[in-house]
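Dropping work17.txt in here (compact mmCIF, C-alpha atoms and all ligand atoms):
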```txt
# COMPACT_ATOMS: atom_id res chain seq x y z
CA MET A 223 15.25 -20.51 21.22
CA ASN A 224 17.16 -17.68 19.50
CA ASN A 225 16.93 -16.17 15.99
CA LYS A 226 19.72 -18.38 14.66
CA GLU A 227 18.17 -21.65 15.85
CA LEU A 228 14.72 -20.56 14.74
CA THR A 229 16.12 -19.61 11.31
CA GLU A 230 17.57 -23.10 10.88
CA ARG A 231 14.27 -24.76 11.80
CA PHE A 232 12.26 -22.29 9.71
CA ASN A 233 14.39 -22.92 6.63
CA LYS A 234 13.86 -26.67 6.91
CA VAL A 235 10.08 -26.41 6.65
CA TYR A 236 9.37 -23.21 4.75
CA VAL A 237 10.44 -22.82 1.16
CA ASN A 238 10.93 -19.08 1.62
CA ALA A 239 9.41 -16.04 3.34
CA HIS A 240 5.60 -16.02 3.60
CA SER A 241 5.47 -12.98 1.31
CA ASN A 242 8.30 -13.51 -1.12
CA MET A 243 8.55 -10.31 -3.12
CA ARG A 244 12.05 -10.37 -4.57
CA ALA A 245 13.07 -6.91 -3.28
CA SER A 246 11.97 -7.62 0.29
CA LEU A 247 13.92 -10.82 0.46
CA ASP A 248 17.14 -9.25 -0.73
CA SER A 249 16.98 -6.88 2.21
CA PHE A 250 17.09 -9.36 5.03
CA GLY A 251 20.51 -10.58 6.02
CA GLN A 252 18.88 -12.76 8.64
CA ARG A 253 15.42 -13.69 9.85
CA PHE A 254 13.87 -11.93 12.83
CA PHE A 255 11.42 -13.81 15.03
CA ILE A 256 9.29 -11.42 17.02
CA ALA A 257 8.55 -12.70 20.48
CA ARG A 258 6.68 -9.69 21.87
CA ALA A 259 5.38 -6.30 20.78
CA GLU A 260 3.92 -3.32 22.59
CA GLY A 261 2.85 -0.01 21.00
CA SER A 262 5.66 1.02 18.66
CA HIS A 263 8.17 -1.50 20.07
CA MET A 264 8.99 -5.12 19.21
CA TRP A 265 11.40 -7.58 20.77
CA ASP A 266 12.88 -10.50 18.84
CA ALA A 267 13.84 -13.97 20.04
CA ASP A 268 17.35 -12.74 20.96
CA GLY A 269 15.86 -9.98 23.12
CA ASN A 270 16.78 -7.19 20.63
CA GLU A 271 14.39 -4.26 20.83
CA PHE A 272 13.12 -2.50 17.71
CA ILE A 273 10.99 0.55 16.99
CA ASP A 274 8.56 -0.46 14.28
CA TYR A 275 8.20 1.58 11.08
CA MET A 276 7.45 -1.46 8.92
CA HIS A 277 3.97 -2.07 10.34
CA ALA A 278 3.72 -5.54 8.79
CA PHE A 279 3.96 -3.78 5.38
CA GLY A 280 1.28 -1.28 6.34
CA PRO A 281 -1.59 -2.49 8.51
CA ASN A 282 -0.34 -1.70 12.03
CA ILE A 283 -0.86 2.05 11.95
CA LEU A 284 -2.24 2.16 15.52
CA GLY A 285 0.67 0.11 16.90
CA ALA A 286 0.79 -3.28 18.60
CA HIS A 287 -2.26 -4.39 20.52
CA ASN A 288 -4.09 -1.15 20.85
CA PRO A 289 -6.07 -1.68 24.08
CA GLU A 290 -9.45 -0.79 22.54
CA ILE A 291 -8.98 -3.07 19.54
CA SER A 292 -7.64 -5.94 21.67
CA GLN A 293 -10.49 -5.59 24.19
CA ALA A 294 -13.14 -5.60 21.45
CA MET A 295 -11.60 -8.78 19.97
CA ILE A 296 -11.36 -10.51 23.36
CA GLU A 297 -15.01 -9.75 24.14
CA PHE A 298 -16.03 -11.02 20.71
CA LEU A 299 -14.09 -14.27 21.12
CA GLN A 300 -15.73 -14.87 24.49
CA THR A 301 -19.16 -14.88 22.87
CA ARG A 302 -18.67 -16.07 19.28
CA PRO A 303 -16.17 -17.95 17.08
CA PRO A 304 -13.64 -15.91 15.06
CA MET A 305 -15.66 -16.48 11.89
CA ILE A 306 -19.46 -16.53 11.81
CA GLY A 307 -20.60 -17.23 8.30
CA GLY A 308 -19.14 -15.07 5.53
CA GLY A 309 -21.82 -15.41 2.89
CA ALA A 310 -24.81 -16.56 4.91
CA LEU A 311 -24.66 -15.30 8.49
CA PHE A 312 -23.55 -11.94 9.78
CA THR A 313 -22.88 -10.09 13.02
CA PRO A 314 -24.52 -6.83 14.12
CA GLU A 315 -21.02 -5.35 13.87
CA ASP A 316 -21.01 -6.02 10.09
CA VAL A 317 -23.74 -3.39 9.85
CA GLU A 318 -21.93 -0.87 12.04
CA LEU A 319 -18.75 -1.22 10.02
CA GLY A 320 -20.50 -0.97 6.64
CA GLU A 321 -22.33 2.20 7.69
CA ARG A 322 -19.05 3.82 8.68
CA LEU A 323 -17.28 2.83 5.45
CA VAL A 324 -20.10 4.29 3.37
CA LYS A 325 -20.06 7.45 5.48
CA HIS A 326 -16.33 8.09 5.22
CA ILE A 327 -15.24 6.90 1.75
CA PRO A 328 -16.40 9.44 -0.87
CA CYS A 329 -17.03 6.92 -3.71
CA ALA A 330 -18.73 4.39 -1.41
CA GLU A 331 -22.42 4.28 -2.16
CA THR A 332 -22.07 0.64 -1.14
CA VAL A 333 -19.26 -1.75 -0.13
CA LYS A 334 -18.25 -5.42 -0.42
CA LEU A 335 -15.80 -7.19 1.86
CA ASN A 336 -13.07 -9.66 0.95
CA ILE A 337 -9.88 -10.69 2.71
CA THR A 338 -6.84 -9.60 0.74
CA GLY A 339 -6.10 -6.60 -1.38
CA THR A 340 -5.53 -8.92 -4.33
CA ASP A 341 -9.12 -10.21 -3.95
CA ALA A 342 -10.60 -6.72 -4.02
CA VAL A 343 -8.56 -5.70 -7.07
CA GLN A 344 -9.61 -8.79 -9.03
CA LEU A 345 -13.24 -8.17 -8.20
CA ALA A 346 -12.90 -4.55 -9.33
CA ILE A 347 -11.50 -5.71 -12.69
CA ARG A 348 -14.31 -8.23 -13.16
CA LEU A 349 -16.96 -5.64 -12.32
CA ALA A 350 -15.51 -3.07 -14.72
CA ARG A 351 -15.43 -5.59 -17.57
CA VAL A 352 -19.08 -6.44 -17.12
CA TYR A 353 -20.15 -2.82 -16.52
CA THR A 354 -18.49 -1.53 -19.70
CA GLY A 355 -18.48 -4.67 -21.84
CA ARG A 356 -14.78 -4.02 -22.63
CA PRO A 357 -11.92 -6.45 -22.05
CA ARG A 358 -8.80 -4.58 -20.89
CA PHE A 359 -7.73 -2.22 -18.12
CA ILE A 360 -4.94 0.34 -17.90
CA ARG A 361 -2.33 0.13 -15.16
CA PHE A 362 0.81 2.11 -14.49
CA HIS A 363 4.52 1.43 -14.53
CA ASP A 364 5.93 0.72 -11.05
CA GLN A 365 2.55 0.47 -9.34
CA TYR A 366 1.45 -2.69 -7.57
CA HIS A 367 -2.02 -4.22 -7.35
CA GLY A 368 -1.42 -7.67 -5.89
CA TRP A 369 0.01 -10.94 -7.02
CA ALA A 370 -2.55 -12.21 -9.56
CA ASP A 371 -1.33 -12.98 -13.10
CA ASN A 372 -2.97 -9.95 -14.68
CA THR A 373 -1.50 -7.35 -12.30
CA MET A 374 1.89 -8.76 -11.32
CA GLY A 375 5.06 -7.25 -12.79
CA GLY A 376 5.81 -5.77 -16.18
CA ARG A 377 7.38 -2.48 -17.27
CA TYR A 378 6.32 0.33 -19.55
CA ASP A 379 7.46 -0.54 -23.06
CA GLU A 380 8.55 2.72 -24.68
CA ASN A 381 9.12 0.96 -27.98
CA ALA A 382 5.84 -0.92 -28.06
CA GLU A 383 4.36 -1.04 -31.51
CA GLY A 384 0.59 -0.96 -31.38
CA ARG A 385 -1.11 -1.75 -28.10
CA PRO A 386 0.96 -0.75 -25.07
CA PHE A 387 1.20 -4.10 -23.32
CA ALA A 388 3.72 -4.34 -20.49
CA LEU A 389 7.20 -5.52 -21.26
CA GLN A 390 7.80 -8.82 -19.48
CA GLY A 391 10.93 -10.25 -17.89
CA HIS A 392 12.97 -7.03 -17.74
CA PRO A 393 15.98 -7.44 -15.38
CA ASP A 394 14.92 -4.33 -13.37
CA ASP A 395 11.44 -5.74 -12.79
CA TYR A 396 11.62 -7.19 -9.29
CA ARG A 397 7.92 -8.04 -9.50
CA TYR A 398 8.39 -10.29 -12.52
CA THR A 399 7.23 -13.87 -12.00
CA GLU A 400 7.34 -16.89 -14.23
CA GLY A 401 4.28 -19.10 -14.52
CA LYS A 402 1.60 -16.65 -15.57
CA ALA A 403 -1.35 -17.89 -17.60
CA PRO A 404 -1.17 -17.33 -21.36
CA GLY A 405 -2.83 -14.04 -22.24
CA ALA A 406 -2.54 -12.55 -18.73
CA ASN A 407 -0.29 -9.80 -20.04
CA GLU A 408 -2.77 -8.80 -22.73
CA GLN A 409 -5.47 -8.08 -20.17
CA SER A 410 -3.97 -4.68 -19.46
CA PHE A 411 -2.04 -1.81 -21.01
CA MET A 412 0.86 -0.36 -19.04
CA ILE A 413 1.78 3.32 -19.26
CA PRO A 414 3.76 5.77 -17.09
CA PHE A 415 2.07 7.60 -14.21
CA ASN A 416 1.65 11.39 -14.35
CA GLU A 417 2.12 11.62 -18.12
CA ILE A 418 -1.35 12.66 -19.12
CA GLU A 419 -0.63 12.91 -22.87
CA ILE A 420 0.24 9.21 -22.99
CA LEU A 421 -2.99 8.30 -21.22
CA GLU A 422 -4.95 10.55 -23.54
CA GLU A 423 -3.28 9.04 -26.60
CA THR A 424 -3.91 5.50 -25.36
CA LEU A 425 -7.59 6.22 -24.78
CA LYS A 426 -7.90 7.95 -28.15
CA LYS A 427 -6.52 4.87 -29.91
CA TYR A 428 -7.84 2.04 -27.78
CA GLY A 429 -10.51 3.55 -25.48
CA ASP A 430 -13.18 1.20 -26.81
CA GLU A 431 -11.18 -1.74 -25.42
CA VAL A 432 -10.61 -0.19 -22.00
CA CYS A 433 -12.96 -1.00 -19.13
CA MET A 434 -11.02 0.60 -16.30
CA ILE A 435 -8.07 2.66 -15.17
CA MET A 436 -6.55 1.07 -12.09
CA MET A 437 -4.18 3.36 -10.23
CA GLU A 438 -2.46 4.04 -6.97
CA PRO A 439 -3.37 7.75 -6.69
CA LEU A 440 -0.20 8.28 -4.65
CA VAL A 441 2.37 5.68 -5.62
CA LEU A 442 3.41 4.36 -2.23
CA ASN A 443 4.78 1.26 -3.93
CA HIS A 444 7.32 3.38 -5.78
CA GLY A 445 9.09 6.06 -3.79
CA GLY A 446 5.87 7.79 -2.73
CA MET A 447 5.59 9.32 -6.21
CA LYS A 448 2.98 12.09 -5.96
CA PRO A 449 0.25 12.83 -8.47
CA TYR A 450 1.26 15.93 -10.40
CA PRO A 451 -1.04 18.87 -9.53
CA GLY A 452 -4.20 18.52 -11.64
CA TYR A 453 -3.31 15.01 -12.88
CA LEU A 454 -5.95 13.08 -10.94
CA GLU A 455 -8.63 15.59 -11.98
CA LYS A 456 -7.63 15.18 -15.62
CA VAL A 457 -7.68 11.38 -15.34
CA ARG A 458 -11.15 11.66 -13.82
CA SER A 459 -12.40 13.74 -16.73
CA LEU A 460 -10.81 11.43 -19.34
CA CYS A 461 -12.60 8.49 -17.72
CA ASP A 462 -15.89 10.37 -18.02
CA GLU A 463 -15.17 11.26 -21.64
CA TYR A 464 -14.29 7.70 -22.67
CA GLY A 465 -16.80 5.86 -20.46
CA VAL A 466 -14.00 4.16 -18.51
CA VAL A 467 -14.36 3.14 -14.85
CA LEU A 468 -11.85 4.90 -12.60
CA CYS A 469 -10.60 2.69 -9.77
CA PHE A 470 -8.27 4.05 -7.10
CA ASP A 471 -6.27 1.29 -5.50
CA GLU A 472 -6.21 2.66 -1.94
CA ILE A 473 -4.73 -0.44 -0.36
CA GLN A 474 -1.74 1.65 0.76
CA THR A 475 -3.35 5.08 1.06
CA GLY A 476 -6.64 4.08 2.68
CA PHE A 477 -6.99 4.93 6.39
CA ARG A 478 -3.46 6.35 6.27
CA LEU A 479 -3.72 9.66 4.42
CA ASP A 480 -7.24 10.30 5.64
CA ILE A 481 -10.22 8.34 6.94
CA GLY A 482 -11.67 8.71 3.43
CA GLY A 483 -8.41 7.68 1.73
CA ALA A 484 -6.50 9.50 -1.00
CA GLN A 485 -9.79 10.34 -2.71
CA ALA A 486 -10.80 12.49 0.26
CA TYR A 487 -7.26 13.80 0.68
CA TYR A 488 -6.93 14.92 -2.95
CA GLY A 489 -10.61 15.66 -3.51
CA VAL A 490 -11.00 13.45 -6.60
CA THR A 491 -13.68 10.76 -6.42
CA PRO A 492 -13.18 7.54 -8.41
CA ASP A 493 -16.02 5.22 -9.44
CA ILE A 494 -14.74 2.35 -7.35
CA ALA A 495 -11.86 1.87 -4.92
CA THR A 496 -10.05 -0.93 -3.14
CA PHE A 497 -8.90 -0.84 0.50
CA ALA A 498 -7.03 -3.34 2.67
CA LYS A 499 -3.95 -3.02 4.98
CA CYS A 500 -5.02 -0.32 7.52
CA ALA A 501 -8.72 -1.06 6.93
CA GLY A 502 -8.76 -4.13 9.20
CA GLY A 503 -7.21 -2.63 12.33
CA GLY A 504 -4.27 -5.03 11.86
CA LEU A 505 -6.34 -8.06 10.80
CA PRO A 506 -6.95 -9.23 7.23
CA LEU A 507 -9.84 -7.46 5.58
CA SER A 508 -10.29 -5.82 2.19
CA VAL A 509 -13.02 -3.50 1.04
CA LEU A 510 -14.29 -2.79 -2.43
CA ALA A 511 -16.22 0.48 -2.34
CA GLY A 512 -18.06 2.09 -5.21
CA LYS A 513 -20.97 3.54 -7.06
CA MET A 514 -24.17 1.57 -6.83
CA GLU A 515 -24.69 1.39 -10.59
CA ILE A 516 -21.44 -0.60 -10.89
CA MET A 517 -21.53 -2.49 -7.61
CA LYS A 518 -25.12 -3.62 -8.13
CA LEU A 519 -23.81 -6.18 -10.62
CA ILE A 520 -22.83 -8.11 -7.49
CA ALA A 521 -26.35 -7.85 -6.02
CA GLU A 522 -27.72 -9.03 -9.36
CA ASN A 523 -25.37 -12.02 -9.24
CA ARG A 524 -23.96 -11.12 -12.63
CA VAL A 525 -20.57 -10.71 -10.99
CA LEU A 526 -19.49 -13.16 -8.32
CA GLY A 527 -16.85 -12.52 -5.68
CA PRO A 528 -17.07 -15.43 -3.27
CA GLY A 529 -14.60 -16.45 -0.55
CA THR A 530 -15.07 -18.52 2.61
CA PHE A 531 -13.38 -15.99 4.84
CA ASN A 532 -14.75 -12.85 3.14
CA GLY A 533 -15.86 -10.45 5.82
CA PHE A 534 -13.89 -12.40 8.45
CA SER A 535 -15.84 -11.68 11.63
CA LEU A 536 -12.91 -11.05 13.95
CA SER A 537 -11.44 -8.67 11.37
CA ILE A 538 -14.72 -6.78 11.31
CA ILE A 539 -14.52 -6.34 15.08
CA SER A 540 -10.98 -5.05 14.85
CA ALA A 541 -11.78 -2.85 11.81
CA LEU A 542 -14.76 -1.35 13.62
CA ALA A 543 -12.77 -0.63 16.80
CA SER A 544 -10.01 0.89 14.67
CA ILE A 545 -12.35 3.14 12.67
CA LYS A 546 -14.01 4.33 15.89
CA ILE A 547 -10.58 5.43 17.12
CA MET A 548 -9.87 7.14 13.80
CA GLU A 549 -13.22 8.99 13.87
CA ARG A 550 -12.65 10.39 17.35
CA ASP A 551 -12.26 14.17 17.88
CA ASP A 552 -12.91 15.01 14.27
CA CYS A 553 -10.38 12.43 13.04
CA ALA A 554 -7.57 13.87 15.18
CA VAL A 555 -5.46 10.76 14.50
CA PHE A 556 -4.67 11.95 10.98
CA LYS A 557 -3.62 15.42 12.15
CA GLN A 558 -1.36 13.73 14.69
CA LEU A 559 0.05 11.45 11.97
CA GLU A 560 0.76 14.43 9.74
CA GLN A 561 2.51 16.29 12.57
CA THR A 562 4.67 13.28 13.44
CA THR A 563 5.49 12.70 9.76
CA GLN A 564 6.57 16.31 9.30
CA TYR A 565 8.54 16.32 12.54
CA ILE A 566 10.54 13.24 11.51
CA LYS A 567 10.99 14.61 8.00
CA LYS A 568 12.41 17.85 9.38
CA GLY A 569 14.84 15.91 11.60
CA LEU A 570 15.96 13.74 8.69
CA LEU A 571 16.53 16.75 6.45
CA GLU A 572 18.62 18.44 9.14
CA ILE A 573 20.84 15.36 9.29
CA ILE A 574 21.07 15.14 5.50
CA LYS A 575 22.00 18.82 5.15
CA ARG A 576 24.51 18.71 8.03
CA ARG A 577 26.18 15.73 6.38
CA ASP A 578 25.89 17.36 2.96
CA LEU A 579 24.24 14.29 1.44
CA LYS A 580 22.24 13.95 -1.74
CA ILE A 581 19.03 12.51 -0.33
CA GLY A 582 15.49 13.83 -0.70
CA ILE A 583 12.63 12.93 1.63
CA GLN A 584 9.35 12.24 -0.10
CA ASP A 585 6.44 12.54 2.29
CA GLU A 586 2.72 12.28 2.66
CA THR A 587 0.65 11.84 5.83
CA GLY A 588 1.85 8.71 7.62
CA VAL A 589 4.71 7.81 5.28
CA LEU A 590 8.24 8.97 4.47
CA TYR A 591 10.63 7.84 1.74
CA PRO A 592 14.28 8.71 1.54
CA ILE A 593 15.16 9.10 -2.15
CA PHE A 594 18.89 8.57 -2.57
CA GLY A 595 20.96 10.52 -5.08
CA VAL A 596 18.78 13.66 -5.35
CA ASP A 597 18.86 17.12 -3.75
CA PRO A 598 17.17 17.41 -0.36
CA ASP A 599 14.38 19.61 -1.76
CA PHE A 600 13.58 17.19 -4.61
CA VAL A 601 9.92 16.19 -5.05
CA PHE A 602 9.27 12.94 -6.88
CA TYR A 603 6.63 13.12 -9.64
CA PHE A 604 8.13 11.51 -12.74
CA ASP A 605 10.07 8.29 -12.68
CA ARG A 606 11.30 8.22 -16.26
CA ASP A 607 14.41 10.28 -15.50
CA LEU A 608 15.06 8.86 -12.07
CA LYS A 609 16.08 5.30 -11.44
CA LEU A 610 15.42 4.82 -7.73
CA ASP A 611 18.59 3.77 -5.93
CA LYS A 612 17.08 0.66 -4.38
CA SER A 613 20.38 -0.70 -3.11
CA SER A 614 20.91 2.37 -0.88
CA GLY A 615 17.34 1.91 0.43
CA ILE A 616 18.16 -1.69 1.28
CA ARG A 617 21.46 -0.73 2.93
CA PHE A 618 19.66 1.94 4.98
CA PHE A 619 17.14 -0.68 6.09
CA GLN A 620 19.99 -2.99 7.16
CA GLU A 621 21.97 -0.28 8.97
CA LEU A 622 18.86 0.87 10.82
CA ALA A 623 17.87 -2.69 11.77
CA MET A 624 21.29 -3.10 13.42
CA ARG A 625 20.49 0.03 15.46
CA GLY A 626 17.03 -1.08 16.60
CA ILE A 627 14.87 0.58 13.96
CA VAL A 628 12.84 -1.52 11.53
CA ILE A 629 11.61 0.22 8.39
CA HIS A 630 10.07 -1.21 5.21
CA PRO A 631 12.77 -3.05 3.22
CA ASP A 632 12.44 -0.58 0.34
CA GLY A 633 13.58 2.24 2.66
CA ARG A 634 10.15 3.65 3.51
CA PHE A 635 9.03 4.65 6.99
CA PHE A 636 5.40 3.94 7.88
CA ILE A 637 4.51 6.34 10.69
CA SER A 638 2.23 5.11 13.49
CA THR A 639 0.14 6.97 16.02
CA VAL A 640 2.02 5.43 18.96
CA LEU A 641 5.51 6.86 18.48
CA SER A 642 6.76 8.70 21.56
CA ASP A 643 9.12 11.68 21.54
CA GLU A 644 11.81 9.35 22.84
CA ASP A 645 11.17 6.89 19.97
CA ILE A 646 11.57 9.68 17.45
CA GLU A 647 14.75 10.93 19.07
CA LYS A 648 16.23 7.40 18.99
CA THR A 649 15.12 7.01 15.40
CA LEU A 650 16.82 10.21 14.28
CA GLU A 651 20.00 9.27 16.13
CA ALA A 652 19.97 5.86 14.42
CA CYS A 653 19.39 7.53 11.04
CA ASP A 654 22.32 9.87 11.65
CA ASP A 655 24.62 6.97 12.57
CA SER A 656 23.36 4.79 9.70
CA LEU A 657 23.92 7.51 7.11
CA GLY A 658 27.34 8.12 8.66
CA ALA A 659 28.16 4.45 8.13
CA MET A 660 26.84 4.53 4.57
CA PHE A 661 28.44 7.69 3.17
C1 LIG B 1 -1.55 -0.74 -3.75
C2 LIG B 1 -1.68 -2.20 -3.47
N1 LIG B 1 -2.64 -2.91 -4.08
C3 LIG B 1 -2.81 -4.22 -3.84
C4 LIG B 1 -2.01 -4.89 -2.96
C5 LIG B 1 -2.24 -6.35 -2.69
O1 LIG B 1 -2.77 -6.52 -1.42
P1 LIG B 1 -2.59 -7.92 -0.67
O2 LIG B 1 -1.13 -8.08 -0.41
O3 LIG B 1 -3.41 -7.78 0.59
O4 LIG B 1 -3.14 -8.97 -1.58
C6 LIG B 1 -1.00 -4.21 -2.31
C7 LIG B 1 -0.10 -4.88 -1.37
O5 LIG B 1 0.91 -4.40 -0.95
C8 LIG B 1 -0.82 -2.83 -2.56
O6 LIG B 1 0.16 -2.12 -1.99
```
Any chance you could give the structure as C-alpha cells?
Ligand SMILES: Cc1ncc(COP(=O)(O)O)c(C=O)c1O
Amino acid sequence: MNNKELTERFNKVYVNAHSNMRASLDSFGQRFFIARAEGSHMWDADGNEFIDYMHAFGPNILGAHNPEISQAMIEFLQTRPPMIGGGALFTPEDVELGERLVKHIPCAETVKLNITGTDAVQLAIRLARVYTGRPRFIRFHDQYHGWADNTMGGRYDENAEGRPFALQGHPDDYRYTEGKAPGANEQSFMIPFNEIEILEETLKKYGDEVCMIMMEPLVLNHGGMKPYPGYLEKVRSLCDEYGVVLCFDEIQTGFRLDIGGAQAYYGVTPDIATFAKCAGGGLPLSVLAGKMEIMKLIAENRVLGPGTFNGFSLSIISALASIKIMERDDCAVFKQLEQTTQYIKKGLLEIIKRRDLKIGIQDETGVLYPIFGVDPDFVFYFDRDLKLDKSSGIRFFQELAMRGIVIHPDGRFFISTVLSDEDIEKTLEACDDSLGAMF
C-alpha cells in the first residue's frame, strides 16, 4: 500500500488531519504514511527516506525508539498493563519520576500529571483563579497554549478601548476557530510580548482582575522570538508587585533548552509551569509544576484536575527512562544539542551568505528558525514591525520534504540528539538546493 492509496482511504474515513492547525495543513501537498523509523530517520509507505526535524511537533528529541526507552517500556508491558490506575493506583516508577521532576525544575516544589499540554494549561488557569480570587489572565500575541476556548487564537488589538481583550477573527490569525463558548474571549487580556510598558500599564489599570500571566518564555510558537534581556526578570517583579501568579508555559521549551526548562536556562523562576512534549520521552504526558502554596489547592480538593489517563503509566516509564538519559554525565545531552544546533546554524548561514539571501536564523538550544526577509545577523525580539513570511517557511518545508528532510511545517528545525555528521551534511546540502530552487 503506497502513500497515494493510503491517502485515498484515509480521506474517506478521517475528516482531516488528527491535529488540524490551519497553518500545518496548508503545508502538506500530500499525506505521508510512516512505515518505519530508526534514530533520526523515517521511511514512508513509498520507501522514501527522511531525516526527521519535525519530531512529531516536538516530543521526539531523543529520536525514534531509543533503545533504553524502548527496553524500559517492553519490560513494563511484560509485567503490567499500559495503564495502572491514574487516580487510585500508582507504580513505584511514579515516585521515581516525581522526585526527578521536583529536583530538576526550579519552580517545582510539587508536581501534578495530566496527559496533554492543554490539560496542564487549563489546570494552571483554574488554580491561579482560586489562589488569587481574580477572574482573568494575561496572554501574549502570537503565543500558543493549547486548543481550549480561552487560549485559542486572537490577536493583540492596538485600538482596543478599555480592557485589552484579544481581537477575534482577524484574517492573519491562523489559530482562529469558530464555535467558542460565549465569554471565552473575556477570560484573558492579550498584549504583545517583550513590551514591558504595555504589561505595566495593563497591570496598573486592571491588575486587580488579573490572576495570572501565562507566557511562553521563549516564543517557539512564533519564530523563536527571544525574551529581550531583562524582560523576564521585570515580568517576575511585576507579578510580585501586583500579586499575580507567573506561569511559564514550557510545553515547547521544557526538556529541550535544559533539563530544568527555560526557567533554568534564563534563571527566572515562575510560580507555576506547564510541561508536555519532550517530558514524556515521546509518549503523552504533561506536568504542572509549582509552588506548594498554590498547588496545595489540589491536595485540598478545592481545585480539581481529573482525567482517566492522567499519569498514563507507560508514559511514566518512558518519561523516567528519558530523564535518566538526560541526567547522565551532568546533563551532557543539552551540551550536545547546543553544539549540534550551532553547527547547523553556522552551515545554514554560510549557505545564506554565499547565495546573498535575506534570511536570518533564530536559534536556541535544540531549535532553529529561518526568518525570511531579514538580514542574516537579525535577532528576533519584537514582532510588531516584522510580519513573519510564513509562505516562504511553508515553501522551504515543501522543498526540503522533496529532498528527504522533514522539518516543522512553519519552517522550524527541531534538533535531536541522534543526528549523525552524515545526516547534517545531507541536511545542509538539501537546504542549499531548496534555497536555490526558491530564490
Ligand atoms: C507552548 C504550548 N503550550 C500548550 C500547547 C498545547 O499542548 P497539547 O498540544 O499537548 O495540548 C502547545 C502545543 O503545541 C504548546 O506549544
Name the residues, by chain letter and number, that sit within 7 Å of ligand LIG 1 (chain B) using all atoms listed in the file, and give them as a PDB file with C-alpha atoms, in the frame of the given file.
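Generated file (pocket.pdb):
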```
ATOM      1  CA  THR A 338      -6.840  -9.600   0.740  1.00  0.00           C
ATOM      2  CA  GLY A 339      -6.100  -6.600  -1.380  1.00  0.00           C
ATOM      3  CA  THR A 340      -5.530  -8.920  -4.330  1.00  0.00           C
ATOM      4  CA  ASP A 341      -9.120 -10.210  -3.950  1.00  0.00           C
ATOM      5  CA  VAL A 343      -8.560  -5.700  -7.070  1.00  0.00           C
ATOM      6  CA  TYR A 366       1.450  -2.690  -7.570  1.00  0.00           C
ATOM      7  CA  HIS A 367      -2.020  -4.220  -7.350  1.00  0.00           C
ATOM      8  CA  GLY A 368      -1.420  -7.670  -5.890  1.00  0.00           C
ATOM      9  CA  TRP A 369       0.010 -10.940  -7.020  1.00  0.00           C
ATOM     10  CA  GLU A 438      -2.460   4.040  -6.970  1.00  0.00           C
ATOM     11  CA  ASN A 443       4.780   1.260  -3.930  1.00  0.00           C
ATOM     12  CA  ASP A 471      -6.270   1.290  -5.500  1.00  0.00           C
ATOM     13  CA  GLU A 472      -6.210   2.660  -1.940  1.00  0.00           C
ATOM     14  CA  ILE A 473      -4.730  -0.440  -0.360  1.00  0.00           C
ATOM     15  CA  GLN A 474      -1.740   1.650   0.760  1.00  0.00           C
ATOM     16  CA  ALA A 498      -7.030  -3.340   2.670  1.00  0.00           C
ATOM     17  CA  LYS A 499      -3.950  -3.020   4.980  1.00  0.00           C
TER      18      LYS A 499
END
```
Requested in this report: Up to 12 Å from (-18.2, 5.9, 16.0) in the file's coordinates: name the residues, counting all atoms listed in the file, as a list in words.
Outcome: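 Neighbouring residues, ordered by chain and number, come to Glu315, Glu318, Leu319, Gly320, Glu321, Arg322, Leu323, Lys325, His326, Ala541, Leu542, Ala543, Ser544, Ile545, Lys546, Ile547, Met548, Glu549, Arg550, Asp551, Asp552 and Cys553 of chain A.
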Query raised in the report: Near stretch 353-362 of chain A, counting only C-alpha atoms, which residues have an atom at most 6 Å away, once you skip same-chain residues fewer than 5 positions from it, shown as a ChimeraX atom specification?
Result: /A:409-415,431-436
Report task. Could you tell me which of A:Val601, A:Ala652, A:Leu228, A:Leu536 comes closest to A:Lys448 if we count only C-alpha atoms? Result ->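 Closest residue, counting only C-alpha atoms: A:Val601.
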Query raised in the report: Could you state the separation of atom CA of A:Ile616 and atom CA of A:Gln561 in Å, given to one decimal place?
Result: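 Computed distance, atom CA of A:Ile616 to atom CA of A:Gln561, equals 26.4 Å.
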Query raised in the report: Which is closest to A:Ile646 among A:Ala310, A:Lys557, A:Ile296, A:Tyr275, if we use only C-alpha atoms?
Result: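 Ranking A:Ala310, A:Lys557, A:Ile296, A:Tyr275 by distance to A:Ile646, first place goes to A:Tyr275.
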Query raised in the report: Counting all atoms listed in the file, which of A:Val589, A:Leu657, A:Val324, A:Leu559 gets nearest to A:Ile573?
Result: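 Among the listed residues, the smallest separation from A:Ile573 belongs to A:Leu657.
Closest to A:Lys567 among A:Thr649, A:Ser535, A:Thr530, A:Gln365 is A:Thr649, based on all atoms listed in the file.
Coordinates place atom CA of A:Val441 at a distance of 22.1 Å from atom CA of A:Ile337.
Here atom CA of A:Thr301 is placed at a distance of 11.6 Å from atom CA of A:Thr313.
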Query - Counting only C-alpha atoms, the residue of A:Met374, A:Met437, A:Arg606, A:His287 that sits nearest A:Gly401 - result: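 Distance minimum relative to A:Gly401 lands on A:Met374.
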Report task. Point out the residue among A:Arg348, A:His240, A:Lys648, A:Arg385 with the least atom-to-atom distance to A:Ala278, counting all atoms listed in the file. Result ->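 Checking each candidate against A:Ala278, we get A:His240 as the closest.
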Requested in this report: Around the point (1.6, -1.1, -27.9) in the file's coordinates, collect all residues with an atom within 12 Å, using only C-alpha atoms, and return them as a ChimeraX atom specification.
Outcome: /A:378-389,407-408,410-413,420,423-424,427-428
Query - 9 Å contact set for A:Asp599, all atoms listed in the file, chain neighbours under 5 positions out, as a list of chain:residue names - result: A:Leu571, A:Ile581, A:Gly582, A:Ile583
Query - Non-local contacts of stretch 639-645 of chain A (6 Å; all atoms listed in the file; under 6 positions in same chain excluded) as a list in words - result: Gly261, Ser262, Leu284 and Gly285 of chain A
**Report entry** Polymer residues at most 10 Å from A:Lys513, only C-alpha atoms, same-chain spacing of 4 or more positions, as a list in words
**Finding:**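 Once the nearby chain positions are removed, what remains is Pro328, Cys329, Ala330, Glu331, Thr332, Val333, Pro492, Asp493, Ile494, Ala495, Met517 and Lys518 of chain A.
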